[in-house]
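Novice: So I've got this file, entry_5.txt, and it contains compact mmCIF, N, CA and C atoms:
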# COMPACT_ATOMS: atom_id res chain seq x y z
N SER A 2 0.83 -1.19 0.00
CA SER A 2 0.00 0.00 0.00
C SER A 2 0.88 1.25 0.00
N GLN A 3 0.27 2.37 -0.23
CA GLN A 3 1.00 3.63 -0.34
C GLN A 3 0.35 4.72 0.50
N TYR A 4 1.16 5.73 0.79
CA TYR A 4 0.62 6.92 1.44
C TYR A 4 1.03 8.14 0.64
N GLN A 5 0.30 9.20 0.82
CA GLN A 5 0.54 10.43 0.08
C GLN A 5 1.30 11.43 0.93
N VAL A 6 2.31 12.04 0.31
CA VAL A 6 3.01 13.16 0.94
C VAL A 6 2.30 14.41 0.43
N ILE A 7 1.75 15.20 1.35
CA ILE A 7 0.90 16.34 0.99
C ILE A 7 1.55 17.63 1.46
N ASN A 8 1.58 18.62 0.58
CA ASN A 8 2.05 19.95 0.93
C ASN A 8 1.00 20.58 1.84
N PRO A 9 1.35 20.88 3.11
CA PRO A 9 0.36 21.42 4.03
C PRO A 9 -0.09 22.84 3.70
N TYR A 10 0.67 23.51 2.87
CA TYR A 10 0.31 24.88 2.50
C TYR A 10 -0.88 24.92 1.56
N ASN A 11 -0.90 23.98 0.58
CA ASN A 11 -1.98 24.02 -0.42
C ASN A 11 -2.68 22.68 -0.61
N ASP A 12 -2.38 21.70 0.23
CA ASP A 12 -2.97 20.35 0.18
C ASP A 12 -2.71 19.61 -1.13
N GLU A 13 -1.71 20.02 -1.86
CA GLU A 13 -1.34 19.34 -3.11
C GLU A 13 -0.58 18.06 -2.78
N VAL A 14 -0.90 16.98 -3.48
CA VAL A 14 -0.18 15.72 -3.32
C VAL A 14 1.16 15.88 -4.03
N ILE A 15 2.25 15.75 -3.26
CA ILE A 15 3.58 15.90 -3.82
C ILE A 15 4.05 14.58 -4.43
N LYS A 16 3.77 13.50 -3.70
CA LYS A 16 4.27 12.20 -4.12
C LYS A 16 3.50 11.12 -3.39
N GLU A 17 3.43 9.94 -3.99
CA GLU A 17 2.90 8.76 -3.31
C GLU A 17 4.07 7.84 -3.04
N VAL A 18 4.15 7.36 -1.81
CA VAL A 18 5.29 6.58 -1.36
C VAL A 18 4.79 5.24 -0.82
N SER A 19 5.50 4.18 -1.17
CA SER A 19 5.13 2.85 -0.68
C SER A 19 5.62 2.65 0.73
N TYR A 20 4.82 1.97 1.53
CA TYR A 20 5.26 1.56 2.85
C TYR A 20 6.29 0.46 2.69
N THR A 21 7.18 0.30 3.65
CA THR A 21 8.14 -0.79 3.59
C THR A 21 7.52 -2.04 4.17
N SER A 22 8.02 -3.17 3.71
CA SER A 22 7.56 -4.45 4.26
C SER A 22 8.28 -4.72 5.58
N GLN A 23 7.80 -5.68 6.30
CA GLN A 23 8.44 -6.06 7.56
C GLN A 23 9.88 -6.52 7.30
N SER A 24 10.07 -7.23 6.21
CA SER A 24 11.40 -7.70 5.85
C SER A 24 12.35 -6.53 5.54
N GLU A 25 11.87 -5.55 4.80
CA GLU A 25 12.68 -4.37 4.49
C GLU A 25 13.03 -3.59 5.75
N THR A 26 12.07 -3.51 6.66
CA THR A 26 12.31 -2.82 7.94
C THR A 26 13.36 -3.56 8.74
N GLN A 27 13.28 -4.87 8.80
CA GLN A 27 14.27 -5.67 9.52
C GLN A 27 15.67 -5.51 8.92
N GLN A 28 15.76 -5.48 7.60
CA GLN A 28 17.06 -5.28 6.94
C GLN A 28 17.64 -3.91 7.28
N ALA A 29 16.80 -2.90 7.28
CA ALA A 29 17.26 -1.55 7.61
C ALA A 29 17.75 -1.48 9.06
N LEU A 30 17.03 -2.13 9.97
CA LEU A 30 17.45 -2.14 11.37
C LEU A 30 18.78 -2.85 11.55
N LYS A 31 19.00 -3.95 10.83
CA LYS A 31 20.28 -4.66 10.91
C LYS A 31 21.42 -3.76 10.44
N LYS A 32 21.18 -3.02 9.37
CA LYS A 32 22.21 -2.10 8.86
C LYS A 32 22.48 -0.98 9.86
N LEU A 33 21.45 -0.52 10.55
CA LEU A 33 21.64 0.51 11.57
C LEU A 33 22.52 0.00 12.71
N VAL A 34 22.30 -1.24 13.12
CA VAL A 34 23.10 -1.82 14.19
C VAL A 34 24.56 -1.94 13.75
N ILE A 35 24.78 -2.40 12.53
CA ILE A 35 26.15 -2.50 12.00
C ILE A 35 26.79 -1.12 11.95
N GLY A 36 26.05 -0.13 11.48
CA GLY A 36 26.57 1.24 11.42
C GLY A 36 26.92 1.77 12.80
N GLN A 37 26.08 1.48 13.78
CA GLN A 37 26.35 1.93 15.15
C GLN A 37 27.63 1.29 15.66
N GLN A 38 27.84 0.02 15.35
CA GLN A 38 29.05 -0.67 15.80
C GLN A 38 30.29 -0.07 15.14
N ILE A 39 30.18 0.27 13.88
CA ILE A 39 31.30 0.89 13.16
C ILE A 39 31.65 2.23 13.81
N ILE A 40 30.63 3.06 14.03
CA ILE A 40 30.86 4.37 14.65
C ILE A 40 31.44 4.22 16.06
N ALA A 41 30.94 3.26 16.82
CA ALA A 41 31.41 3.06 18.20
C ALA A 41 32.89 2.69 18.23
N ASN A 42 33.38 2.05 17.18
CA ASN A 42 34.78 1.64 17.14
C ASN A 42 35.70 2.70 16.53
N MET A 43 35.15 3.84 16.12
CA MET A 43 35.96 4.91 15.56
C MET A 43 36.52 5.78 16.67
N THR A 44 37.66 6.38 16.38
CA THR A 44 38.21 7.36 17.30
C THR A 44 37.38 8.64 17.19
N PRO A 45 37.46 9.51 18.19
CA PRO A 45 36.75 10.79 18.08
C PRO A 45 37.15 11.56 16.81
N TYR A 46 38.41 11.51 16.45
CA TYR A 46 38.86 12.19 15.23
C TYR A 46 38.16 11.61 14.00
N GLU A 47 38.10 10.29 13.90
CA GLU A 47 37.44 9.65 12.76
C GLU A 47 35.96 10.02 12.70
N ARG A 48 35.30 10.04 13.86
CA ARG A 48 33.89 10.43 13.89
C ARG A 48 33.72 11.88 13.43
N SER A 49 34.65 12.74 13.85
CA SER A 49 34.56 14.14 13.43
C SER A 49 34.71 14.27 11.92
N GLN A 50 35.55 13.43 11.32
CA GLN A 50 35.72 13.47 9.87
C GLN A 50 34.44 13.05 9.15
N VAL A 51 33.72 12.08 9.72
CA VAL A 51 32.43 11.67 9.15
C VAL A 51 31.45 12.84 9.20
N LEU A 52 31.42 13.53 10.33
CA LEU A 52 30.50 14.67 10.48
C LEU A 52 30.88 15.83 9.55
N PHE A 53 32.17 16.06 9.37
CA PHE A 53 32.60 17.11 8.43
C PHE A 53 32.18 16.76 7.01
N LYS A 54 32.29 15.48 6.64
CA LYS A 54 31.87 15.04 5.30
C LYS A 54 30.36 15.22 5.14
N LEU A 55 29.60 14.87 6.19
CA LEU A 55 28.15 15.07 6.15
C LEU A 55 27.82 16.54 5.95
N ALA A 56 28.49 17.42 6.69
CA ALA A 56 28.25 18.86 6.55
C ALA A 56 28.57 19.32 5.13
N GLU A 57 29.63 18.78 4.56
CA GLU A 57 30.02 19.13 3.18
C GLU A 57 28.93 18.72 2.19
N LEU A 58 28.39 17.52 2.35
CA LEU A 58 27.33 17.04 1.46
C LEU A 58 26.04 17.84 1.64
N LEU A 59 25.71 18.16 2.89
CA LEU A 59 24.51 18.98 3.13
C LEU A 59 24.67 20.37 2.50
N GLU A 60 25.85 20.94 2.62
CA GLU A 60 26.10 22.25 2.01
C GLU A 60 25.98 22.17 0.49
N ARG A 61 26.53 21.11 -0.09
CA ARG A 61 26.47 20.92 -1.54
C ARG A 61 25.03 20.86 -2.05
N ASP A 62 24.18 20.16 -1.30
CA ASP A 62 22.79 19.93 -1.74
C ASP A 62 21.78 20.78 -0.99
N LYS A 63 22.24 21.83 -0.34
CA LYS A 63 21.39 22.65 0.53
C LYS A 63 20.15 23.18 -0.19
N GLN A 64 20.31 23.70 -1.37
CA GLN A 64 19.18 24.29 -2.09
C GLN A 64 18.13 23.24 -2.43
N LYS A 65 18.58 22.10 -2.91
CA LYS A 65 17.65 21.02 -3.28
C LYS A 65 16.91 20.49 -2.05
N ILE A 66 17.63 20.30 -0.96
CA ILE A 66 16.99 19.80 0.27
C ILE A 66 16.02 20.84 0.83
N ALA A 67 16.42 22.10 0.80
CA ALA A 67 15.55 23.17 1.29
C ALA A 67 14.25 23.23 0.47
N GLN A 68 14.35 23.04 -0.83
CA GLN A 68 13.15 23.03 -1.67
C GLN A 68 12.22 21.88 -1.28
N GLN A 69 12.81 20.72 -0.96
CA GLN A 69 12.00 19.58 -0.55
C GLN A 69 11.34 19.84 0.81
N ILE A 70 12.09 20.46 1.73
CA ILE A 70 11.51 20.83 3.03
C ILE A 70 10.32 21.76 2.82
N THR A 71 10.48 22.74 1.93
CA THR A 71 9.41 23.69 1.65
C THR A 71 8.17 22.98 1.12
N LEU A 72 8.36 22.04 0.20
CA LEU A 72 7.22 21.30 -0.34
C LEU A 72 6.53 20.46 0.73
N GLU A 73 7.31 19.74 1.51
CA GLU A 73 6.74 18.79 2.46
C GLU A 73 6.20 19.45 3.73
N MET A 74 6.80 20.57 4.14
CA MET A 74 6.42 21.18 5.42
C MET A 74 5.62 22.47 5.26
N GLY A 75 5.59 23.01 4.05
CA GLY A 75 4.85 24.25 3.83
C GLY A 75 5.59 25.48 4.34
N LYS A 76 6.88 25.34 4.61
CA LYS A 76 7.68 26.48 5.07
C LYS A 76 8.05 27.35 3.88
N THR A 77 8.44 28.58 4.18
CA THR A 77 8.99 29.41 3.11
C THR A 77 10.38 28.89 2.78
N ILE A 78 10.86 29.19 1.58
CA ILE A 78 12.20 28.74 1.20
C ILE A 78 13.25 29.38 2.12
N THR A 79 13.01 30.60 2.55
CA THR A 79 13.94 31.26 3.47
C THR A 79 14.05 30.48 4.78
N ASP A 80 12.91 30.08 5.34
CA ASP A 80 12.92 29.30 6.57
C ASP A 80 13.60 27.94 6.37
N SER A 81 13.37 27.33 5.22
CA SER A 81 13.99 26.04 4.94
C SER A 81 15.50 26.17 4.81
N LEU A 82 15.96 27.24 4.20
CA LEU A 82 17.40 27.48 4.09
C LEU A 82 18.02 27.76 5.46
N ILE A 83 17.32 28.47 6.31
CA ILE A 83 17.80 28.70 7.68
C ILE A 83 17.91 27.35 8.41
N GLU A 84 16.91 26.51 8.23
CA GLU A 84 16.95 25.18 8.86
C GLU A 84 18.15 24.38 8.37
N MET A 85 18.44 24.46 7.07
CA MET A 85 19.61 23.77 6.53
C MET A 85 20.90 24.33 7.12
N ASP A 86 20.99 25.63 7.21
CA ASP A 86 22.21 26.25 7.78
C ASP A 86 22.41 25.79 9.23
N ARG A 87 21.34 25.68 9.98
CA ARG A 87 21.44 25.20 11.37
C ARG A 87 21.89 23.74 11.41
N ALA A 88 21.40 22.94 10.49
CA ALA A 88 21.79 21.53 10.45
C ALA A 88 23.27 21.39 10.08
N ILE A 89 23.74 22.25 9.21
CA ILE A 89 25.12 22.16 8.75
C ILE A 89 26.10 22.60 9.83
N THR A 90 25.70 23.61 10.59
CA THR A 90 26.62 24.12 11.63
C THR A 90 26.26 23.48 12.94
Reformat the file's structure so that it appears as C-alpha cells.
Specialist:
Amino acid sequence: SQYQVINPYNDEVIKEVSYTSQSETQQALKKLVIGQQIIANMTPYERSQVLFKLAELLERDKQKIAQQITLEMGKTITDSLIEMDRAIT
C-alpha cells in the first residue's frame, strides 16, 4: 500500500510513497546496528571526519533539500534554508 506526501500549504499531493515491508524494515534495522558498531569503534577524530563530510554534502545539496523541506512542510524557502544552515553548523 502507499501513502501520500501532501504539501500542508496548499494540500497538493507531492508524491505517493510505498510503505516498507516487515522484511525491508528488519534489513534496515540490521544495517543501523552494523553502522552503530562501526561508529562506536571509531576514534573521536574519525567520527569528526564523518560529520565534516556530512556537513560538506549537506552544504552541496542545501538548495535542493531546502526546496524539498518547503514542499513537504509548507515552510517558506527562506525558513527552509535557515533550517539547513542550522543543520550544517
Novice: How many Å separate atom C of A:Leu58 from atom N of A:Lys76?
Specialist: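 Separation between atom C of A:Leu58 and atom N of A:Lys76: 20.8 Å.
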Novice: What's the 12 Å shell around A:Ser2, counting only C-alpha atoms, without same-chain residues fewer than 6 positions away, as a ChimeraX atom specification?
Specialist: /A:17-22
Novice: What does the distance between atom CA of A:Val6 and atom CA of A:Glu73 come to in Å, to one decimal place?
Specialist: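 Between atom CA of A:Val6 and atom CA of A:Glu73 the gap works out to 6.9 Å.
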Novice: Considering all atoms listed in the file, can you say which of A:Leu72, A:Met43, A:Ala67, A:Ala88 comes closest to A:Asn8?
Specialist: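 The answer is A:Leu72, which sits nearest to A:Asn8.
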Novice: Counting all atoms listed in the file, select every polymer residue within 8 Å of (16.1, 24.2, -0.4) as defined in the file's coordinates, and provide the selection as number ranges by chain.
Specialist: A: 62-71, 78-79, 81-82, 85
Novice: Would you mind reading off the distance between atom CA of A:Gly75 and atom C of A:Asp12, one decimal, in Å?
Specialist: 10.2 Å
Novice: Taking every listed atom of stretch 21-32 of chain A and adding 4 Å to each side, what centre and edge lengths in Å (one decimal) does the axis-aligned box have, as lines of an AutoDock Vina configuration file?
Specialist:
center_x = 14.8
center_y = -3.7
center_z = 7.6
size_x = 23.3
size_y = 16.0
size_z = 16.0
Novice: Would you pick out the contacts of A:Lys16 at 7 Å or less, using all atoms listed in the file, so that residues sharing its chain but fewer than 3 positions from it are not included, and give the list as a ChimeraX atom specification?
Specialist: /A:4-7,13
Novice: Step one, run DSSP on the backbone; step two, keep only residues of chain A assigned to alpha helix (DSSP H); then write them as a PyMOL selection string.
Specialist: chain A and resi 23-41+45-61+63-74+78-89
Novice: Would you mind telling me which residue in A:Ile89, A:Ala29, A:Ile15, A:Ile39 lies nearest to A:Glu60 when using only N, CA and C atoms?
Specialist: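 Result for the nearest residue to A:Glu60: A:Ile89.
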Novice: With the input short on atoms, add N, CA, C and O atoms back to stretch 40-58 of chain A and write it as an mmCIF file, in the coordinates of the input.
Specialist:
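This went into part-v2.cif:
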data_model
loop_
_atom_site.group_PDB
_atom_site.id
_atom_site.type_symbol
_atom_site.label_atom_id
_atom_site.label_comp_id
_atom_site.auth_asym_id
_atom_site.auth_seq_id
_atom_site.Cartn_x
_atom_site.Cartn_y
_atom_site.Cartn_z
ATOM 1 N N ILE A 40 30.630 3.060 14.030
ATOM 2 C CA ILE A 40 30.860 4.370 14.650
ATOM 3 C C ILE A 40 31.440 4.220 16.060
ATOM 4 O O ILE A 40 32.343 4.958 16.455
ATOM 5 N N ALA A 41 30.940 3.260 16.820
ATOM 6 C CA ALA A 41 31.410 3.060 18.200
ATOM 7 C C ALA A 41 32.890 2.690 18.230
ATOM 8 O O ALA A 41 33.589 2.985 19.206
ATOM 9 N N ASN A 42 33.380 2.050 17.180
ATOM 10 C CA ASN A 42 34.780 1.640 17.140
ATOM 11 C C ASN A 42 35.700 2.700 16.530
ATOM 12 O O ASN A 42 36.907 2.477 16.439
ATOM 13 N N MET A 43 35.150 3.840 16.120
ATOM 14 C CA MET A 43 35.960 4.910 15.560
ATOM 15 C C MET A 43 36.520 5.780 16.670
ATOM 16 O O MET A 43 35.924 5.910 17.734
ATOM 17 N N THR A 44 37.660 6.380 16.380
ATOM 18 C CA THR A 44 38.210 7.360 17.300
ATOM 19 C C THR A 44 37.380 8.640 17.190
ATOM 20 O O THR A 44 36.671 8.843 16.192
ATOM 21 N N PRO A 45 37.460 9.510 18.190
ATOM 22 C CA PRO A 45 36.750 10.790 18.080
ATOM 23 C C PRO A 45 37.150 11.560 16.810
ATOM 24 O O PRO A 45 36.294 12.168 16.167
ATOM 25 N N TYR A 46 38.410 11.510 16.450
ATOM 26 C CA TYR A 46 38.860 12.190 15.230
ATOM 27 C C TYR A 46 38.160 11.610 14.000
ATOM 28 O O TYR A 46 37.682 12.358 13.138
ATOM 29 N N GLU A 47 38.100 10.290 13.900
ATOM 30 C CA GLU A 47 37.440 9.650 12.760
ATOM 31 C C GLU A 47 35.960 10.020 12.700
ATOM 32 O O GLU A 47 35.424 10.295 11.618
ATOM 33 N N ARG A 48 35.300 10.040 13.860
ATOM 34 C CA ARG A 48 33.890 10.430 13.890
ATOM 35 C C ARG A 48 33.720 11.880 13.430
ATOM 36 O O ARG A 48 32.783 12.210 12.713
ATOM 37 N N SER A 49 34.650 12.740 13.850
ATOM 38 C CA SER A 49 34.560 14.140 13.430
ATOM 39 C C SER A 49 34.710 14.270 11.920
ATOM 40 O O SER A 49 34.051 15.100 11.302
ATOM 41 N N GLN A 50 35.550 13.430 11.320
ATOM 42 C CA GLN A 50 35.720 13.470 9.870
ATOM 43 C C GLN A 50 34.440 13.050 9.150
ATOM 44 O O GLN A 50 34.093 13.616 8.110
ATOM 45 N N VAL A 51 33.720 12.080 9.720
ATOM 46 C CA VAL A 51 32.430 11.670 9.150
ATOM 47 C C VAL A 51 31.450 12.840 9.200
ATOM 48 O O VAL A 51 30.745 13.133 8.236
ATOM 49 N N LEU A 52 31.420 13.530 10.330
ATOM 50 C CA LEU A 52 30.500 14.670 10.480
ATOM 51 C C LEU A 52 30.880 15.830 9.550
ATOM 52 O O LEU A 52 29.995 16.484 8.989
ATOM 53 N N PHE A 53 32.170 16.060 9.370
ATOM 54 C CA PHE A 53 32.600 17.110 8.430
ATOM 55 C C PHE A 53 32.180 16.760 7.010
ATOM 56 O O PHE A 53 31.752 17.623 6.242
ATOM 57 N N LYS A 54 32.290 15.480 6.640
ATOM 58 C CA LYS A 54 31.870 15.040 5.300
ATOM 59 C C LYS A 54 30.360 15.220 5.140
ATOM 60 O O LYS A 54 29.878 15.674 4.101
ATOM 61 N N LEU A 55 29.600 14.870 6.190
ATOM 62 C CA LEU A 55 28.150 15.070 6.150
ATOM 63 C C LEU A 55 27.820 16.540 5.950
ATOM 64 O O LEU A 55 26.966 16.884 5.116
ATOM 65 N N ALA A 56 28.490 17.420 6.690
ATOM 66 C CA ALA A 56 28.250 18.860 6.550
ATOM 67 C C ALA A 56 28.570 19.320 5.130
ATOM 68 O O ALA A 56 27.848 20.134 4.558
ATOM 69 N N GLU A 57 29.630 18.780 4.560
ATOM 70 C CA GLU A 57 30.020 19.130 3.180
ATOM 71 C C GLU A 57 28.930 18.720 2.190
ATOM 72 O O GLU A 57 28.554 19.486 1.297
ATOM 73 N N LEU A 58 28.390 17.520 2.350
ATOM 74 C CA LEU A 58 27.330 17.040 1.460
ATOM 75 C C LEU A 58 26.040 17.840 1.640
ATOM 76 O O LEU A 58 25.351 18.143 0.654
#
